[in-house]
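Participant: Sharing upload-v9.cif here; it has mmCIF, C-alpha atoms and all ligand atoms.
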```cif
data_coords
loop_
_atom_site.label_atom_id
_atom_site.label_comp_id
_atom_site.auth_asym_id
_atom_site.auth_seq_id
_atom_site.Cartn_x
_atom_site.Cartn_y
_atom_site.Cartn_z
CA MET A 1 -49.79 87.10 -158.87
CA ARG A 2 -49.99 86.48 -155.18
CA LEU A 3 -53.10 87.63 -153.37
CA SER A 4 -53.05 89.19 -149.95
CA ASN A 5 -54.05 85.83 -148.42
CA GLY A 6 -51.06 84.14 -150.09
CA ASP A 7 -53.11 82.34 -152.73
CA VAL A 8 -51.99 82.31 -156.34
CA LEU A 9 -54.00 83.85 -159.17
CA LEU A 10 -52.39 82.96 -162.48
CA ALA A 11 -52.99 85.07 -165.58
CA TRP A 12 -54.51 83.43 -168.66
CA PRO A 13 -51.71 82.60 -171.11
CA LEU A 14 -53.85 83.60 -174.11
CA ALA A 15 -56.17 86.51 -174.83
CA LEU A 16 -58.88 84.01 -175.84
CA HIS A 17 -60.12 81.75 -173.01
CA VAL A 18 -61.98 78.90 -174.71
CA LEU A 19 -61.32 75.41 -173.31
CA THR A 20 -61.27 72.58 -175.80
CA ALA A 21 -60.12 70.03 -173.19
CA GLY A 22 -59.94 70.04 -169.40
CA TYR A 23 -58.01 68.17 -166.72
CA PHE A 24 -59.77 64.98 -167.85
CA TYR A 25 -60.60 64.26 -171.48
CA SER A 26 -64.25 63.74 -172.34
CA ASP A 27 -63.65 59.95 -172.32
CA GLY A 28 -62.54 60.20 -168.68
CA SER A 29 -58.84 59.61 -169.31
CA ARG A 30 -56.32 61.89 -167.61
CA HIS A 31 -55.05 64.95 -169.46
CA GLU A 32 -53.67 66.82 -166.41
CA ALA A 33 -53.68 70.11 -168.29
CA ILE A 34 -56.05 72.36 -170.18
CA ASP A 35 -56.14 72.92 -173.92
CA LEU A 36 -57.06 76.37 -175.15
CA ARG A 37 -58.42 77.26 -178.57
CA THR A 38 -56.00 79.22 -180.73
CA ASN A 39 -57.82 79.14 -184.06
CA GLN A 40 -59.51 82.50 -184.39
CA ASP A 41 -59.75 85.14 -187.11
CA GLY A 42 -58.26 82.75 -189.66
CA SER A 43 -55.01 82.14 -187.80
CA ILE A 44 -53.69 79.60 -185.29
CA ILE A 45 -50.70 81.77 -184.34
CA LYS A 46 -51.49 83.72 -181.15
CA PRO A 47 -49.21 85.39 -178.59
CA VAL A 48 -48.61 83.37 -175.41
CA TYR A 49 -48.11 85.22 -172.13
CA ALA A 50 -46.42 84.15 -168.88
CA ALA A 51 -48.99 83.20 -166.25
CA GLU A 52 -46.97 84.77 -163.44
CA ASP A 53 -43.55 86.27 -162.70
CA GLY A 54 -40.81 83.67 -162.82
CA THR A 55 -37.73 82.21 -164.43
CA VAL A 56 -37.61 80.17 -167.64
CA GLN A 57 -36.51 76.69 -166.50
CA GLU A 58 -36.72 74.84 -169.79
CA THR A 59 -37.25 75.45 -173.46
CA GLN A 60 -37.60 72.74 -176.07
CA THR A 61 -37.70 73.00 -179.83
CA TRP A 62 -39.62 70.27 -181.64
CA ASP A 63 -37.53 68.06 -183.91
CA GLY A 64 -40.29 68.15 -186.51
CA HIS A 65 -41.32 64.50 -186.45
CA THR A 66 -41.12 62.75 -183.04
CA LYS A 67 -44.48 62.63 -181.26
CA THR A 68 -43.58 60.58 -178.19
CA GLY A 69 -41.94 61.35 -174.83
CA MET A 70 -41.03 64.96 -174.16
CA GLN A 71 -41.14 65.67 -177.88
CA SER A 72 -44.92 65.12 -177.73
CA TYR A 73 -45.03 68.62 -176.21
CA GLY A 74 -43.50 69.98 -179.41
CA THR A 75 -41.92 73.39 -179.00
CA MET A 76 -42.38 74.10 -175.31
CA ILE A 77 -41.60 76.46 -172.43
CA ARG A 78 -41.59 75.65 -168.71
CA ILE A 79 -41.47 78.50 -166.17
CA ARG A 80 -40.73 78.27 -162.46
CA HIS A 81 -42.61 80.75 -160.28
CA ALA A 82 -42.20 81.61 -156.61
CA ASP A 83 -42.86 78.58 -154.41
CA TYR A 84 -46.40 78.11 -153.17
CA ALA A 85 -46.72 76.94 -149.54
CA GLY A 86 -43.06 75.92 -149.68
CA VAL A 87 -43.57 73.81 -152.81
CA THR A 88 -42.20 74.41 -156.31
CA LEU A 89 -44.77 75.93 -158.68
CA GLN A 90 -44.28 75.75 -162.45
CA THR A 91 -46.29 76.30 -165.62
CA ARG A 92 -45.80 74.69 -169.02
CA TYR A 93 -46.85 75.95 -172.47
CA ALA A 94 -46.74 73.38 -175.28
CA HIS A 95 -47.28 72.91 -179.05
CA LEU A 96 -45.82 76.36 -179.73
CA SER A 97 -44.61 77.59 -183.11
CA ARG A 98 -42.03 79.96 -181.69
CA ILE A 99 -40.26 80.80 -178.42
CA CYS A 100 -39.34 84.39 -177.49
CA VAL A 101 -37.43 83.70 -174.23
CA GLN A 102 -34.28 81.86 -173.19
CA LYS A 103 -33.58 79.37 -170.44
CA GLY A 104 -32.64 81.20 -167.24
CA GLN A 105 -34.38 84.41 -168.28
CA THR A 106 -36.38 86.28 -165.65
CA ILE A 107 -39.83 87.13 -166.89
CA GLN A 108 -42.85 89.00 -165.64
CA GLU A 109 -46.52 88.02 -165.53
CA GLY A 110 -48.15 88.87 -168.83
CA GLN A 111 -44.86 89.00 -170.72
CA LEU A 112 -44.88 87.63 -174.28
CA ILE A 113 -42.98 84.31 -174.18
CA GLY A 114 -43.87 82.70 -177.50
CA TYR A 115 -46.53 81.97 -180.10
CA THR A 116 -49.02 79.12 -180.39
CA GLY A 117 -48.75 76.49 -183.09
CA ASP A 118 -49.32 72.81 -183.80
CA THR A 119 -45.95 71.19 -183.00
CA GLY A 120 -45.57 67.84 -181.25
CA ASN A 121 -48.35 65.30 -180.74
CA VAL A 122 -51.42 67.26 -181.85
CA SER A 123 -54.38 66.63 -184.09
CA GLY A 124 -54.90 70.37 -184.48
CA ALA A 125 -53.47 73.64 -183.23
CA HIS A 126 -54.09 74.57 -179.58
CA LEU A 127 -52.22 75.70 -176.48
CA HIS A 128 -51.58 72.96 -173.91
CA PHE A 129 -51.16 74.60 -170.50
CA GLU A 130 -50.03 72.82 -167.33
CA VAL A 131 -49.75 73.91 -163.70
CA ILE A 132 -47.19 71.78 -161.87
CA LEU A 133 -47.06 71.91 -158.06
CA GLY A 134 -44.27 69.96 -156.41
CA GLY A 135 -43.86 67.90 -159.57
CA THR A 136 -47.57 67.01 -159.78
CA ARG A 137 -49.78 68.35 -162.53
CA ARG A 138 -52.79 70.09 -160.98
CA ASN A 139 -56.04 71.28 -162.53
CA PRO A 140 -55.01 74.66 -164.01
CA LEU A 141 -58.58 76.00 -163.64
CA VAL A 142 -58.13 76.05 -159.86
CA TRP A 143 -55.26 78.53 -160.33
CA LEU A 144 -57.06 80.81 -162.80
CA ASP A 145 -60.11 83.04 -162.53
CA GLY A 146 -63.46 81.86 -163.88
CA ASP A 147 -63.36 84.02 -167.00
CA PHE A 148 -63.60 81.29 -169.64
CA THR A 149 -66.00 79.37 -171.83
CA THR A 150 -65.88 75.77 -173.00
CA ALA A 151 -65.90 74.70 -176.64
CA ASN A 152 -68.72 72.26 -175.86
CA THR A 153 -70.65 70.91 -172.89
CA GLY A 154 -68.46 67.79 -172.73
CA VAL A 155 -65.37 69.73 -171.68
CA TYR A 156 -64.34 68.94 -168.09
CA THR A 157 -63.92 71.92 -165.78
CA TYR A 158 -63.93 71.31 -162.01
CA GLN A 159 -64.45 68.34 -159.73
CA PRO A 160 -66.77 68.87 -156.74
CA GLY A 161 -65.11 71.24 -154.28
CA GLU A 162 -62.88 72.81 -156.92
CA TYR A 163 -63.52 76.36 -158.08
CA ALA A 164 -61.92 79.33 -159.80
CA VAL A 165 -59.72 81.77 -157.92
CA GLN A 166 -61.79 84.74 -156.80
CA ARG A 167 -60.32 87.93 -158.23
CA PRO A 168 -60.21 90.32 -155.26
CA ALA A 169 -61.77 93.74 -155.47
CA GLN A 170 -59.16 96.26 -156.44
CA ALA A 171 -59.46 98.14 -153.16
CA ALA A 172 -59.05 95.04 -151.03
CA ALA A 173 -56.14 93.73 -153.08
CA GLN A 174 -53.90 96.76 -152.83
CA GLY A 175 -53.62 100.28 -151.56
CA SER A 176 -52.88 101.80 -148.20
CA PRO A 177 -55.59 101.99 -145.52
CA ALA A 178 -55.95 105.69 -146.40
CA GLU A 179 -56.69 104.78 -150.03
CA ARG A 180 -59.39 102.38 -148.91
CA LEU A 181 -61.19 105.00 -146.79
CA GLN A 182 -64.24 106.75 -148.02
CA THR A 183 -63.77 110.38 -148.90
CA ILE A 184 -66.20 112.72 -147.15
CA THR A 185 -66.53 116.21 -148.51
CA ILE A 186 -68.21 118.86 -146.37
CA GLY A 187 -69.10 122.33 -147.48
CA PRO A 188 -69.54 125.09 -148.03
CA VAL A 189 -69.21 125.79 -144.32
CA THR A 190 -68.60 128.87 -142.24
CA GLN A 191 -65.12 129.59 -140.98
CA GLY A 192 -66.30 128.65 -137.51
CA ASP A 193 -67.57 125.23 -138.64
CA ALA A 194 -64.40 124.65 -140.67
CA ASP A 195 -62.33 125.38 -137.57
CA ALA A 196 -64.46 122.95 -135.56
CA ILE A 197 -64.05 120.17 -138.15
CA LEU A 198 -60.31 120.80 -138.25
CA ALA A 199 -60.18 120.57 -134.46
CA VAL A 200 -61.96 117.19 -134.57
CA CYS A 201 -59.57 115.94 -137.25
CA LYS A 202 -56.55 117.16 -135.29
CA ALA A 203 -57.83 115.47 -132.13
CA ARG A 204 -57.89 112.18 -134.08
CA LYS A 205 -54.54 112.94 -135.73
CA LEU A 206 -56.19 112.72 -139.16
CA ASP A 207 -54.24 115.79 -140.29
CA THR A 208 -50.84 114.22 -139.54
CA LEU A 209 -52.00 111.05 -141.35
CA GLY A 210 -52.70 113.19 -144.41
CA LEU A 211 -56.41 112.44 -144.23
CA TYR A 212 -57.59 116.02 -143.74
CA HIS A 213 -57.60 118.36 -146.70
CA SER A 214 -59.06 121.82 -146.75
CA ALA A 215 -59.78 124.12 -149.63
CA TRP A 216 -59.63 126.99 -147.16
CA ALA A 217 -56.52 128.84 -146.19
CA GLU A 218 -55.68 127.68 -142.68
ZN ZN B 1 -53.30 69.16 -173.91
#
```
Would you write out, as structure tokens, the structure that this file holds?
Facilitator:
Amino acid sequence: MRLSNGDVLLAWPLALHVLTAGYFYSDGSRHEAIDLRTNQDGSIIKPVYAAEDGTVQETQTWDGHTKTGMQSYGTMIRIRHADYAGVTLQTRYAHLSRICVQKGQTIQEGQLIGYTGDTGNVSGAHLHFEVILGGTRRNPLVWLDGDFTTANTGVYTYQPGEYAVQRPAQAAAQGSPAERLQTITIGPVTQGDADAILAVCKARKLDTLGLYHSAWAE
């Protein structure tokens, strides 16, 4: 979703947020994605959810044996989201067992798009998740909130200066100015005081803004 300042906060594509590999592998080589644990409760098959509203740009079904080139992704979905700062923003979900969407389909953040698996070039089941900005694969953790754990201390997270997206307080993120105001309840009061309070509210046009409510008959 887009925050009020225009920044992007992507939703986690899995219910479980355990990183088994970060943007760099533990040997320092480039991964340019994150891997998320899918093996839990005796199953590797977990629902995968769209990280943001968008359109399905590409789906690929693994041929069952090739582990090089694009087929290394296995069964895969790529979604295009609204541009960020005028640049194309996409997410990719790889090594799936099943796809639930079609190319060209409009989808919403959090929508079920497929199920995890172990297709393509994998040594074990996991979800490979990429964030692609203007054709370049960025560190997905910079586009997600900080609600995750790592499988071990060797898993790369952020480079200096990188950090999770701050999830805004609900009140700051949405709602009209009236909904963000504090509610002040006064009473019981005499009819005279109630009239005086109403007069103050009317003088500030709080009544026409719908900000004055009285339990008394006016
Ligand atoms: Zn990966």
Participant: If you count only C-alpha atoms, which residues fall within 12 Å of A:Gln90, apart from same-chain ones fewer than 6 positions away, as a ChimeraX atom specification?
Facilitator: /A:8,10,50-58,77-84,129-138,140,143
Participant: All residues within 10 Å of ligand ZN 1 (chain B) are required, counting only C-alpha atoms and all ligand atoms; please report them as a PyMOL selection string.
Facilitator: chain A and resi 20-25+31-36+73+93-95+121-122+126-130
Participant: Fewer than 5 positions away in the same chain doesn't count, so skip those; otherwise give me all residues within 10 Å of A:Val142, counting only C-alpha atoms, as a PyMOL selection string.
Facilitator: chain A and resi 8-10+131+157-159+162-166
Participant: Atom CA of A:Glu109 and atom CA of A:Pro168 are how many Å apart?
Facilitator: 17.3 Å
Participant: Of the candidates A:Thr59, A:Ile45, A:Thr208, A:Pro160, which shows the shortest atom-to-atom distance to A:Gly104, using only C-alpha atoms?
Facilitator: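 Answer, going by the shortest atom-to-atom distance: A:Thr59.
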Participant: How many Å lie between atom CA of A:Gln71 and atom CA of A:Leu141, rounded to one decimal?
Facilitator: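 Answer for the atom CA of A:Gln71 to atom CA of A:Leu141 separation: 24.8 Å.
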Participant: Report the distance between atom CA of A:Val48 and atom CA of A:Thr153 in Å, rounded to one decimal place.
Facilitator: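 The value is 25.4 Å.
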Participant: What's the 8 Å shell around A:Ala125, counting all atoms listed in the file, without same-chain residues fewer than 4 positions away, as a list in words?
Facilitator: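 Skipping anything fewer than 4 positions along the chain leaves Arg37, Thr38, Asn39, Ile44, His95, Thr116, Gly117, Asp118 and Thr119 of chain A.
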Participant: Please determine, counting only C-alpha atoms, which residue among A:Gly192, A:Gly64, A:Gly146, A:Gly161 has the shortest atom-to-atom distance to A:His17.
Facilitator: A:Gly146
Participant: Using all atoms listed in the file, can you tell me which of A:Ala151, A:Asp145, A:Arg167, A:Leu96 comes closest to A:Ser26?
Facilitator: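 Closest to A:Ser26, using all atoms listed in the file: A:Ala151.
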Participant: Pick out the closest residue to A:Leu14 from this set: A:Ile113, A:Ala169, A:Ile99, A:Ile197. Count only C-alpha atoms.
Facilitator: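 Among the listed residues, the smallest separation from A:Leu14 belongs to A:Ile113.
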Participant: Write out as number ranges by chain the residues lying within 10 Å of A:Gly120, counting only C-alpha atoms and excluding same-chain residues fewer than 6 positions away.
Facilitator: A: 61-76, 94-97
